[in-house]
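**Student:** Input file: model_31.txt. Contents: compact mmCIF, C-alpha atoms and all ligand atoms.
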```txt
# COMPACT_ATOMS: atom_id res chain seq x y z
CA MET J 916 89.89 102.15 193.66
CA THR J 917 87.96 105.35 193.20
CA ASP J 918 90.53 108.09 192.73
CA LEU J 919 90.86 109.09 189.10
CA ARG J 920 94.66 109.05 189.21
CA THR J 921 94.63 105.43 190.40
CA ARG J 922 92.04 104.37 187.85
CA ALA J 923 93.88 106.16 185.03
CA VAL J 924 97.02 104.13 185.76
CA HIS J 925 95.30 100.74 186.13
CA ALA J 926 92.24 100.85 183.86
CA GLY J 927 92.42 98.43 180.94
CA ARG J 928 95.35 96.60 182.55
CA ASP J 929 93.65 94.42 185.18
CA ASP J 930 94.78 91.13 183.61
CA LEU J 931 98.42 92.04 182.94
CA THR J 932 99.89 90.59 186.13
CA ASP J 933 98.15 87.25 185.52
CA LEU J 934 99.53 87.33 182.00
CA GLY J 935 103.02 87.94 183.43
CA LEU J 936 103.25 91.25 181.57
CA HIS J 937 103.98 94.79 182.69
CA ALA J 938 103.39 96.76 179.49
CA ALA J 939 100.16 96.15 177.55
CA PRO J 940 100.71 93.78 174.61
CA LEU J 941 100.56 95.35 171.17
CA ASP J 942 98.69 93.10 168.74
CA TYR J 943 99.05 94.05 165.07
CA SER J 944 97.01 91.12 163.71
CA THR J 945 94.52 91.89 160.98
CA THR J 946 92.97 88.43 161.23
CA TYR J 947 92.68 85.76 163.91
CA PRO J 948 93.10 82.13 162.82
CA SER J 949 90.75 79.48 164.18
CA ARG J 950 90.43 75.77 163.43
CA ASP J 951 86.82 75.84 164.62
CA SER J 952 85.18 77.38 161.58
CA ALA J 953 81.65 76.67 162.84
CA ALA J 954 82.38 78.56 166.06
CA GLU J 955 83.71 81.50 164.01
CA ALA J 956 80.47 81.53 162.02
CA ARG J 957 78.50 81.69 165.27
CA ARG J 958 80.64 84.57 166.50
CA ILE J 959 80.07 86.48 163.26
CA ASP J 960 76.31 85.97 163.75
CA GLU J 961 76.66 87.23 167.31
CA PHE J 962 78.41 90.39 166.07
CA ALA J 963 75.74 90.92 163.39
CA ALA J 964 73.11 90.69 166.14
CA GLY J 965 74.80 93.51 168.05
CA GLY J 966 77.02 91.42 170.33
CA HIS J 967 80.52 92.47 171.36
CA VAL J 968 82.99 89.96 169.95
CA SER J 969 86.63 90.33 169.02
CA GLY J 970 89.44 88.24 167.65
CA ILE J 971 87.87 87.51 164.24
CA TYR J 972 89.05 90.30 161.97
CA GLY J 973 90.77 93.65 162.61
CA ARG J 974 87.76 95.68 161.51
CA ILE J 975 85.56 93.94 164.10
CA GLY J 976 87.89 94.45 167.02
CA ASN J 977 91.48 94.46 168.21
CA PRO J 978 92.61 93.48 171.74
CA THR J 979 95.04 96.40 172.11
CA VAL J 980 92.40 98.91 171.04
CA GLU J 981 89.88 97.21 173.35
CA ARG J 982 92.15 97.87 176.33
CA PHE J 983 92.03 101.58 175.54
CA GLU J 984 88.25 101.38 175.05
CA ARG J 985 87.73 99.65 178.43
CA ALA J 986 89.97 102.15 180.18
CA LEU J 987 88.28 105.23 178.68
CA ALA J 988 84.82 103.79 179.40
CA GLU J 989 85.84 103.30 183.02
CA LEU J 990 87.20 106.84 183.36
CA GLU J 991 84.05 108.36 181.84
CA GLY J 992 81.79 106.10 183.93
CA PHE J 993 80.27 104.09 181.05
CA GLU J 994 79.94 100.40 180.33
CA HIS J 995 81.37 100.65 176.79
CA ALA J 996 83.52 102.78 174.52
CA VAL J 997 84.10 102.47 170.79
CA ALA J 998 87.33 103.83 169.32
CA PHE J 999 87.68 105.30 165.83
CA ALA J 1000 90.51 106.42 163.54
CA SER J 1001 90.04 110.08 164.50
CA GLY J 1002 87.73 112.37 166.43
CA MET J 1003 85.87 113.20 163.22
CA SER J 1004 85.24 109.56 162.34
CA ALA J 1005 83.71 109.17 165.81
CA VAL J 1006 81.05 111.77 164.88
CA GLN J 1007 78.18 109.46 163.89
CA ARG J 1008 74.59 110.50 163.64
CA GLY J 1009 72.49 107.68 165.19
CA LYS J 1010 69.39 108.57 163.16
CA ARG J 1011 68.77 110.95 160.26
CA HIS J 1012 68.05 114.10 162.26
CA VAL J 1013 70.46 115.77 164.68
CA VAL J 1014 69.88 118.77 166.91
CA GLY J 1015 73.10 120.77 167.16
CA VAL J 1016 73.97 123.37 169.78
CA ARG J 1017 76.59 125.85 168.58
CA SER J 1018 79.41 126.38 168.93
CA LEU J 1019 80.98 123.09 167.90
CA TYR J 1020 84.42 122.35 166.49
CA GLY J 1021 84.44 123.79 162.93
CA SER J 1022 84.72 120.44 161.13
CA THR J 1023 81.93 118.91 163.24
CA ASP J 1024 79.75 121.91 162.40
CA HIS J 1025 80.61 121.47 158.73
CA LEU J 1026 79.99 117.70 158.77
CA LEU J 1027 76.52 118.14 160.27
CA THR J 1028 75.56 121.21 158.21
CA SER J 1029 76.78 119.87 154.86
CA GLY J 1030 74.74 116.67 155.20
CA LEU J 1031 77.75 114.63 154.06
CA LEU J 1032 76.64 111.85 156.42
CA GLY J 1033 73.07 112.11 155.18
CA THR J 1034 72.26 114.13 158.27
CA GLU J 1035 69.67 116.83 158.61
CA VAL J 1036 70.58 119.25 161.37
CA THR J 1037 68.52 121.81 163.28
CA TRP J 1038 70.65 124.33 165.13
CA GLY J 1039 69.38 125.82 168.37
CA ALA J 1040 70.41 127.35 171.67
CA PRO J 1041 70.46 124.92 174.64
CA GLU J 1042 67.07 126.33 175.77
CA ASP J 1043 65.54 125.63 172.33
CA ALA J 1044 67.03 122.16 171.83
CA ALA J 1045 63.96 120.31 173.12
CA ARG J 1046 61.69 122.22 170.71
CA ALA J 1047 63.89 121.21 167.77
CA VAL J 1048 63.53 117.49 168.58
CA ARG J 1049 61.56 115.40 166.03
CA GLU J 1050 60.42 111.77 165.73
CA ASP J 1051 63.60 110.93 163.81
CA THR J 1052 66.08 112.81 166.05
CA GLY J 1053 68.95 110.51 166.98
CA ARG J 1054 71.15 112.91 168.94
CA VAL J 1055 71.39 116.30 170.55
CA PHE J 1056 75.01 117.22 169.86
CA VAL J 1057 76.84 119.65 172.16
CA GLU J 1058 80.38 120.60 173.10
CA THR J 1059 81.20 122.07 176.51
CA PRO J 1060 83.46 123.92 177.06
CA ALA J 1061 82.98 124.69 173.39
CA ASN J 1062 85.65 125.18 170.80
CA PRO J 1063 87.12 127.79 170.62
CA ALA J 1064 85.55 130.55 172.79
CA LEU J 1065 85.15 128.11 175.70
CA THR J 1066 81.45 128.72 176.31
CA GLU J 1067 79.84 126.31 178.77
CA LEU J 1068 76.38 124.87 179.19
CA ASP J 1069 74.51 123.02 181.91
CA ILE J 1070 74.54 119.38 180.77
CA ALA J 1071 72.03 118.13 183.36
CA ALA J 1072 69.50 120.85 182.46
CA LEU J 1073 69.86 120.07 178.74
CA VAL J 1074 69.44 116.33 179.32
CA GLU J 1075 66.30 116.95 181.34
CA ARG J 1076 64.83 119.16 178.61
CA CYS J 1077 65.60 116.63 175.86
CA GLY J 1078 63.85 113.73 177.58
CA ALA J 1079 64.38 110.41 175.76
CA VAL J 1080 66.57 111.80 172.97
CA PRO J 1081 70.23 110.92 173.67
CA VAL J 1082 72.47 113.88 174.40
CA LEU J 1083 76.03 113.54 173.07
CA VAL J 1084 78.68 115.71 174.72
CA ASP J 1085 82.02 116.32 173.03
CA ASN J 1086 84.21 116.24 176.15
CA THR J 1087 87.52 116.78 174.34
CA PHE J 1088 88.32 120.05 176.13
CA ALA J 1089 87.35 119.03 179.67
CA THR J 1090 88.39 115.35 179.69
CA PRO J 1091 87.10 113.11 182.52
CA VAL J 1092 89.57 114.92 184.78
CA LEU J 1093 87.37 118.02 184.86
CA GLN J 1094 83.94 116.73 183.92
CA CYS J 1095 82.13 113.42 183.35
CA PRO J 1096 79.05 114.27 181.24
CA GLY J 1097 77.65 110.77 181.90
CA HIS J 1098 77.23 111.71 185.56
CA HIS J 1099 74.88 114.49 184.39
CA GLY J 1100 72.81 112.19 182.20
CA ALA J 1101 74.58 112.45 178.82
CA ARG J 1102 74.09 109.17 176.96
CA LEU J 1103 77.20 109.50 174.78
CA VAL J 1104 80.56 111.17 175.40
CA LEU J 1105 82.86 111.85 172.46
CA HIS J 1106 86.56 112.65 172.44
CA SER J 1107 89.04 113.64 169.86
CA ALA J 1108 91.60 111.31 171.48
CA THR J 1109 94.20 113.12 169.36
CA LYS J 1110 94.20 115.81 172.05
CA PHE J 1111 94.54 115.26 175.81
CA LEU J 1112 93.94 111.49 175.87
CA GLY J 1113 97.02 110.84 173.72
CA GLY J 1114 98.60 113.96 175.14
CA HIS J 1115 101.85 114.09 173.16
CA GLY J 1116 100.77 115.25 169.72
CA ASP J 1117 101.79 111.98 168.08
CA VAL J 1118 98.64 109.90 167.78
CA MET J 1119 95.31 110.48 166.08
CA GLY J 1120 92.13 108.85 167.30
CA GLY J 1121 88.55 109.28 168.43
CA VAL J 1122 86.34 107.50 170.92
CA VAL J 1123 82.73 107.46 172.09
CA ALA J 1124 81.79 106.23 175.58
CA CYS J 1125 78.20 105.00 175.76
CA ASP J 1126 75.82 102.19 176.77
CA ALA J 1127 75.61 98.74 175.18
CA GLU J 1128 72.88 99.66 172.68
CA GLU J 1129 74.72 102.71 171.30
CA ALA J 1130 78.02 100.79 171.32
CA ALA J 1131 76.54 98.02 169.15
CA ARG J 1132 75.36 100.62 166.63
CA LEU J 1133 78.74 102.37 166.60
CA ARG J 1134 80.69 99.11 166.21
CA ASP J 1135 78.46 98.23 163.28
CA ILE J 1136 79.15 101.63 161.65
CA ARG J 1137 82.88 101.24 162.32
CA PHE J 1138 82.86 97.75 160.81
CA ALA J 1139 80.98 98.96 157.72
CA THR J 1140 83.00 102.14 157.16
CA GLY J 1141 86.40 100.78 158.21
CA ALA J 1142 87.15 103.83 160.38
CA VAL J 1143 89.15 101.69 162.82
CA LEU J 1144 91.79 102.89 165.25
CA HIS J 1145 95.22 101.42 164.45
CA PRO J 1146 96.55 99.09 167.19
CA LEU J 1147 99.64 101.25 167.72
CA ALA J 1148 97.35 104.25 168.27
CA GLY J 1149 95.35 102.16 170.76
CA TYR J 1150 98.59 101.30 172.58
CA LEU J 1151 99.71 104.95 172.72
CA LEU J 1152 96.28 106.14 173.84
CA LEU J 1153 96.18 103.62 176.69
CA ARG J 1154 99.63 104.82 177.73
CA GLY J 1155 98.47 108.44 177.47
CA LEU J 1156 95.52 107.78 179.78
CA SER J 1157 97.81 106.80 182.64
CA THR J 1158 99.23 110.34 182.87
CA LEU J 1159 96.04 112.16 181.85
CA PRO J 1160 95.07 113.44 185.34
CA LEU J 1161 98.59 114.70 186.04
CA ARG J 1162 98.93 116.42 182.68
CA VAL J 1163 95.50 118.04 182.70
CA THR J 1164 95.85 119.21 186.30
CA ALA J 1165 99.28 120.75 185.67
CA ALA J 1166 98.29 122.39 182.37
CA SER J 1167 95.07 123.73 183.95
CA ALA J 1168 97.04 125.41 186.74
CA THR J 1169 99.31 127.03 184.12
CA ALA J 1170 96.31 128.16 182.05
CA ALA J 1171 94.71 129.78 185.11
CA VAL J 1172 97.87 131.83 185.74
CA LEU J 1173 98.19 132.82 182.07
CA ALA J 1174 94.50 133.81 181.90
CA GLU J 1175 94.97 136.08 184.88
CA ARG J 1176 98.09 137.70 183.43
CA LEU J 1177 96.51 138.11 180.00
CA ALA J 1178 93.52 139.86 181.56
CA GLN J 1179 95.89 142.55 182.85
CA HIS J 1180 97.77 143.00 179.57
CA PRO J 1181 97.05 146.30 177.75
CA ALA J 1182 97.06 144.63 174.31
CA VAL J 1183 94.43 142.06 175.36
CA THR J 1184 90.79 143.15 175.12
CA ALA J 1185 89.01 139.99 176.38
CA VAL J 1186 89.96 136.70 178.03
CA HIS J 1187 87.88 133.51 178.13
CA HIS J 1188 88.68 130.76 180.60
CA PRO J 1189 86.04 128.15 181.47
CA ARG J 1190 84.34 128.18 184.88
CA ILE J 1191 85.41 124.53 185.30
CA GLY J 1192 88.99 125.51 184.49
CA GLY J 1193 91.15 123.50 182.10
CA PRO J 1194 94.21 123.97 179.92
CA LEU J 1195 92.48 126.14 177.26
CA VAL J 1196 92.49 129.94 177.25
CA ALA J 1197 91.04 132.10 174.49
CA PHE J 1198 91.78 135.81 174.26
CA GLU J 1199 91.22 138.73 171.94
CA VAL J 1200 93.98 141.13 171.02
CA ALA J 1201 93.76 144.79 170.08
CA GLY J 1202 96.04 144.39 167.05
CA ASP J 1203 96.90 141.72 164.50
CA PRO J 1204 96.50 138.20 165.99
CA HIS J 1205 98.65 136.67 163.23
CA ALA J 1206 101.55 138.92 164.25
CA VAL J 1207 101.30 137.63 167.84
CA ILE J 1208 101.18 134.00 166.75
CA GLY J 1209 104.12 134.56 164.41
CA ALA J 1210 106.19 136.07 167.24
CA VAL J 1211 106.04 133.26 169.83
CA ARG J 1212 109.36 131.48 170.44
CA VAL J 1213 108.71 128.91 173.22
CA ILE J 1214 105.04 128.28 172.43
CA THR J 1215 104.31 126.21 169.32
CA PRO J 1216 102.27 128.04 166.66
CA ALA J 1217 100.04 125.17 165.54
CA VAL J 1218 96.43 124.01 165.37
CA SER J 1219 95.29 121.28 167.75
CA LEU J 1220 95.52 121.18 171.52
CA GLY J 1221 96.24 118.91 174.44
CA SER J 1222 99.92 118.27 173.87
CA VAL J 1223 102.90 118.47 176.26
CA ASP J 1224 103.90 121.72 174.54
CA THR J 1225 101.77 124.86 174.59
CA LEU J 1226 99.99 125.44 171.29
CA ILE J 1227 98.61 128.70 169.94
CA GLN J 1228 96.39 129.29 166.91
CA HIS J 1229 93.89 131.61 165.21
CA PRO J 1230 90.47 129.87 165.23
CA ALA J 1231 88.68 132.10 162.70
CA SER J 1232 91.12 131.18 159.94
CA LEU J 1233 92.47 127.77 161.02
CA THR J 1234 90.00 125.59 162.94
CA HIS J 1235 86.70 127.31 162.18
CA PRO J 1236 86.84 128.76 158.64
CA VAL J 1237 84.28 126.19 157.45
CA ALA J 1238 81.59 127.68 159.70
CA ALA J 1239 79.66 130.55 158.07
CA GLU J 1240 80.95 134.01 159.09
CA HIS J 1241 77.77 135.16 160.89
CA ASP J 1242 77.65 131.82 162.80
CA ARG J 1243 81.29 132.32 163.78
CA GLU J 1244 80.67 135.85 165.07
CA LYS J 1245 77.58 134.67 166.99
CA ALA J 1246 79.69 132.00 168.67
CA GLY J 1247 82.28 134.60 169.70
CA ILE J 1248 84.84 133.50 167.09
CA THR J 1249 85.98 136.98 166.09
CA GLY J 1250 88.92 137.77 163.84
CA ARG J 1251 90.88 138.98 166.89
CA LEU J 1252 90.45 135.75 168.87
CA ILE J 1253 93.48 133.58 169.68
CA ARG J 1254 93.25 130.14 171.30
CA LEU J 1255 96.00 128.79 173.52
CA SER J 1256 96.28 125.24 174.87
CA ALA J 1257 98.65 125.22 177.85
CA GLY J 1258 101.27 122.49 177.94
CA LEU J 1259 103.71 121.39 180.61
CA GLU J 1260 106.42 124.05 180.27
CA ASP J 1261 107.35 126.39 183.13
CA VAL J 1262 104.60 128.99 183.51
CA GLU J 1263 107.03 131.92 183.75
CA ASP J 1264 108.71 130.92 180.48
CA LEU J 1265 105.29 130.91 178.85
CA ARG J 1266 104.33 134.25 180.34
CA HIS J 1267 107.55 135.86 179.09
CA ASP J 1268 107.00 134.37 175.65
CA LEU J 1269 103.44 135.74 175.50
CA ASP J 1270 104.61 139.15 176.76
CA GLN J 1271 107.25 139.47 174.07
CA ALA J 1272 104.89 138.14 171.37
CA LEU J 1273 102.14 140.60 172.34
CA LYS J 1274 104.56 143.44 171.57
CA ALA J 1275 104.03 142.47 167.93
CA CYS J 1276 100.51 143.87 168.04
N1 LIG J 1301 86.10 117.69 168.66
C1 LIG J 1301 86.85 118.72 169.07
C2 LIG J 1301 86.39 119.54 170.23
C3 LIG J 1301 88.04 119.03 168.42
O1 LIG J 1301 88.77 120.08 168.83
C4 LIG J 1301 88.45 118.25 167.31
C5 LIG J 1301 89.69 118.55 166.57
O2 LIG J 1301 90.31 119.55 166.80
C6 LIG J 1301 87.63 117.18 166.90
C7 LIG J 1301 86.47 116.92 167.60
C8 LIG J 1301 88.02 116.32 165.74
O3 LIG J 1301 89.05 115.46 166.12
P1 LIG J 1301 90.18 114.85 165.15
O4 LIG J 1301 91.01 116.00 164.68
O5 LIG J 1301 90.88 113.88 166.02
O6 LIG J 1301 89.46 114.19 164.02
```
Would you mind writing the file out in structure tokens?
Ligand code: PLP

**Tutor:**
Amino acid sequence: MTDLRTRAVHAGRDDLTDLGLHAAPLDYSTTYPSRDSAAEARRIDEFAAGGHVSGIYGRIGNPTVERFERALAELEGFEHAVAFASGMSAVQRGKRHVVGVRSLYGSTDHLLTSGLLGTEVTWGAPEDAARAVREDTGRVFVETPANPALTELDIAALVERCGAVPVLVDNTFATPVLQCPGHHGARLVLHSATKFLGGHGDVMGGVVACDAEEAARLRDIRFATGAVLHPLAGYLLLRGLSTLPLRVTAASATAAVLAERLAQHPAVTAVHHPRIGGPLVAFEVAGDPHAVIGAVRVITPAVSLGSVDTLIQHPASLTHPVAAEHDREKAGITGRLIRLSAGLEDVEDLRHDLDQALKAC
């Protein structure tokens, strides 16, 4: 089974037929009773030593969430994945120092810059990342295509430059449908699962695909901080994965058409669409971007992305206001920039909606 569509449907579900089940079981337990207390003690020791155990307590692991973790790890081509309560809670530093390559999602930028996690960050261009590496650097943190101007970087070249320091790629925008950073040497792949993995705008989660060593560290952090994914979210995310390739492929085709049409529109001064494609389009308008966003009728004016409906928003004021103004401008996040995440509606309906909304500027 190598095709992504096949794996997306079956990953994390291999044992269901033997269990006599069709849908994945949803286990809400917060604790797991055992009459063998000595064995439980040994399992706790195993977890403390970095082992992967579950079925002791909800903060250590949950079988429904683990199905989603196994499935996502398989799709990204990793041995392990560790799920968190949100994309932001999945942003963990590894060691004290982080090298960051801008642009990143505004809250990630803020989290690293503010030092709220006890992090010290050095920002640099992809070419400078290796020079910024120190003894205590735990991660080189990048996003590609990057939020929101959809800039891309060469993951393999960055990994080569950074040598032994693990490169973490936020793959939220591309998803494993368009890009598997692990195939290019990235040691960790992060997702805001709230977006395309869930895919319906009704579940919040985060996940990091990685090797056993990084997974043990992340499970320990999750256990200590309590940033666990709720079992219902794990259930919905596993279900979302099964349609991920279909949704991302369809939305990407729509985005390509819209990008082309927008490029010809007199009120649009620039259009950004990633080289690898994908459902995201960013564009600059000649007039007031808020007027355009306020005028859409089919498209949903809302932050976030990756839902069945097309979403439109103004990055400079909504998703990236926490980044300093000169950093925003450098990353192409101008006041005239609008970001659109294509959904699954008919492309002509979307085009008409954009056409009539653009009259507002
Ligand atoms: N990474 C990217 C690229 C995002 O766009 C977002 C949220 O928009 C996050 C991380 C944070 O994810 P969450 O909102 O699930 O915490």

**Student:** Might you pull out every residue within 10 Å of Gly1097 (chain J), with all atoms listed in the file counted and same-chain residues fewer than 6 positions away left off, and present them as a VMD selection string?

**Tutor:** chain J and resid 991 to 993 1070 to 1071 1082 to 1084 1091 1103 to 1104 1124 to 1125

**Student:** Provide the CA of Ala939 (chain J) to CA of Ala1148 (chain J) distance in Å, to one decimal place.

**Tutor:** 12.6 Å

**Student:** So the first atom is CA of Val1218 (chain J) and the second is atom C5 of ligand LIG 1301 (chain J); what is the distance between them in Å, to one decimal place?

**Tutor:**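 Computing the Euclidean distance for CA of Val1218 (chain J) and atom C5 of ligand LIG 1301 (chain J) yields 8.8 Å.
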
**Student:** Which residue out of J:Gly1009, J:Ala938, J:Thr1023, J:His925 has the minimum interatomic distance to Arg985 (chain J) when only C-alpha atoms are used?

**Tutor:**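 Of the candidates, the smallest distance to Arg985 (chain J) is held by J:His925.
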
**Student:** Give me, as a PyMOL selection string, the set of residues whose atoms come within 6 Å of any atom of ligand LIG 1301 (chain J), counting all atoms listed in the file.

**Tutor:** chain J and resi 1001-1003+1020+1062+1087+1107+1109+1119-1121+1219
